[in-house]
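Chemist: Here it is: the structure, laid out below.
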Amino acid sequence: MLRKSAAPLSKNVIVCLVGSALTTVGDVFNDIAILSFVFISTSSVEAISWLYIAIYIAMMLSSLISGSLVDLWSKKGILVLSNLLLGGMMLVIAFNQSRVVIITCLFIETLLASTNRLAIVGVLKNSTTKSTLLSANAINTTVTKIASFVTPIAAGLILSLWPENMKRGFQIALLLDALSYFLVAFIFLFLSHKENNFKKRESVKRQSFFSDLSGSFLYIKKNKDLLLLTIFGMLLSLSGSIVFLIRIPYIYTNLQGNPSIQGLVNSFRALGAILGAFSVIFLNKLEPFLRITLSRMIQGICFILFTFIFDVPFALIVFFVQSLFMYFAQVNESSQRMLFVDSHRIGRVSGLINFFNSLIVLIILKVGPYIESKIGISSLYLFSGLWQVVVSIIFLYIWKKRQEKEELKTSDKTTF
């Protein structure tokens, strides 16, 4: 079991923390600006759906390709170049708000951002030891969520300053986003070329695309703990993607919100994420799978509560609690996954897992608007919550059975 370590963070980890925080500031402006602009312009869940469909198609393609790039090429070069290009994409959207341009640029942006995230995972994996990985991962998530706490309110206020001319606030938000990406590209220049703290690094041979894909699939299949965690995550992607799709419409319809309310919701979610991620460093006495499943169950209960909430203050409290347990679970899940995977395969295995999760999300984004038009937003929240609670209970039961079998095997060996 991982415990808190007093070992100082390496230079590469600190650079990643600063870069991730600044990227988050820009991403929040980007997220609120584009989603608000599209939904207010169309008042359509379907419009939000098509926006996310473009994003998740890009994520699927990137997940299959980016892993090999991250494992085989310089992570420093990838992070610098991808952030420069990301800044350029935001400048294009800022001065051309046509639907085609927005979707095309977001598609390219997602390809670059997915590669960027995998590269950061690779740097964290290679710049930490088993005793410091959980803490570094938790601190990284905490820092990014601190950046998310105040930024949404500022973004919402900027967009609300010109209610008759939202285009101006939209442009300012995206210009700030572009500036953050350019600044992050400069910061990542300070990454050390030494990307591994381990005594021995396995040689990595260049393989064909299909060899990489099949090899990563077999790698996951052979590692039973990794396979269990991957299947659990894929099933939770079903409820998570539904909530992801309907959160913005829920704010603007059920809560009768506006960009300022959306920013306030994001800030409460960020505050919950900060506490959830930071608490991982200290609340690590329970077994990892137990921490993860219990957290996901509580998150599912919060989804169920949204079915009956039409009041902003109460909704903010539930958003806070839901986010707290979601990020507590996510940091534990990602840390365990990173521990299960060898350093030289982290990019490709993570990419393949992201591909399957993105495929599930893409399917939900396609059929979600139709289902929402038939049963409504509240019913979708109810289904998502029940699904998450049931799946968590099932996997908790499976994990307990596996623990009992392992203890029985250990007991038999000792007796023999």
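Ligands are numbered from 1 in the order shown, residues from 1 within each chain, and chains are lettered A, B, ... in the order they appear in the structure tokens.
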Can I get the residues of range 328-397 of chain A within 8 Å of range 284-296 of chain A, each with the closest pair of atoms and their distance in Å to one decimal, using only C-alpha atoms, sorted chain first then ascending number, as CSV?
Modeler:
residue,atom,partner,partner_atom,distance
A:Phe328,CA,A:Ser295,CA,7.0
A:Ala329,CA,A:Ile292,CA,4.7
A:Gln330,CA,A:Ile292,CA,7.8
A:Asn332,CA,A:Ile292,CA,6.6
A:Glu333,CA,A:Ile292,CA,6.9
A:Gln336,CA,A:Pro288,CA,7.6
A:Gln388,CA,A:Arg296,CA,6.8
A:Val389,CA,A:Arg296,CA,7.1
A:Ser392,CA,A:Thr293,CA,5.1
A:Ile393,CA,A:Thr293,CA,7.3
A:Phe395,CA,A:Thr293,CA,7.2
A:Leu396,CA,A:Thr293,CA,6.1
Chemist: Residues near Leu106 in chain A, anyone? I mean within 12 Å using only C-alpha atoms, not counting same-chain ones fewer than 6 positions away, as number ranges by chain.
Modeler: A: 27, 30-31, 34-35, 50-59, 85-94, 97, 99-100, 112-114
Chemist: Which one is closest to Ile78 in chain A: A:Arg117, A:Lys125, A:Lys374, A:Lys405? Count only C-alpha atoms.
Modeler: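 Of A:Arg117, A:Lys125, A:Lys374, A:Lys405, the one nearest Ile78 in chain A, counting only C-alpha atoms, is A:Arg117.
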Chemist: I'd like the neighbourhood of Thr23 in chain A as JSON, numbers by chain, where a residue qualifies if any of its atoms comes within 8 Å (using only C-alpha atoms), though same-chain residues fewer than 6 positions away should be ignored.
Modeler: {"A": [177, 180, 181, 184]}
Chemist: Leaving out Phe95 in chain A and any residue of its chain fewer than 6 positions from it, which residues lie within 12 Å of it when counting only C-alpha atoms, given as a list in words?
Modeler: Gly88, Met89, Val101, Ile102, Cys105, Lys167, Arg168, Gly169, Phe170, Gln171, Ile172, Ala173, Leu174 and Leu175 of chain A
Chemist: Taking only C-alpha atoms into account, which of A:Ile360, A:Leu339, A:Met326, A:Val243 comes nearest Phe383 in chain A?
Modeler: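 Going through A:Ile360, A:Leu339, A:Met326, A:Val243 one by one, the smallest distance to Phe383 in chain A is for A:Val243.
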Chemist: Looking at only C-alpha atoms, which of A:Ser10, A:Gln299, A:Asn266, A:Asn354 is the one that sits closest to Leu133 in chain A?
Modeler: A:Ser10
Chemist: Mind giving me the straight-line distance from CA of Ala315 in chain A to CA of Phe244 in chain A in Å, one decimal?
Modeler: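 Between these atoms lies a distance of 15.7 Å.
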Chemist: Could you tell me which of A:Val331, A:Val15, A:Leu386, A:Ile251 comes closest to Val280 in chain A if we count only C-alpha atoms?
Modeler: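 Among the listed residues, the smallest separation from Val280 in chain A belongs to A:Val331.
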Chemist: My list of candidates is A:Asn140, A:Thr132, A:Ser62, A:Thr151. Which is closest to Ile108 in chain A when distances are computed with only C-alpha atoms?
Modeler: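 The shortest atom-to-atom distance to Ile108 in chain A comes from A:Ser62.
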Chemist: Could you check which of A:Ser135, A:Ser241, A:Ser82, A:Asn223 is closest to Leu118 in chain A, using only C-alpha atoms?
Modeler: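 For Leu118 in chain A, the nearest of the candidates is A:Ser82.
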Chemist: CA of Ala138 in chain A and CA of Ala277 in chain A are how many Å apart?
Modeler: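 The value is 5.2 Å.
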Chemist: Rounded to one decimal, what separation in Å do you get between CA of Ser335 in chain A and CA of Trp73 in chain A?
Modeler: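 One can read the CA of Ser335 in chain A to CA of Trp73 in chain A distance as 22.9 Å.
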Chemist: Quick one: residues within 8 Å of Ile242 in chain A, only C-alpha atoms counted, chain neighbours fewer than 5 positions away excluded, as number ranges by chain?
Modeler: A: 361, 364-365, 368, 380-381, 384
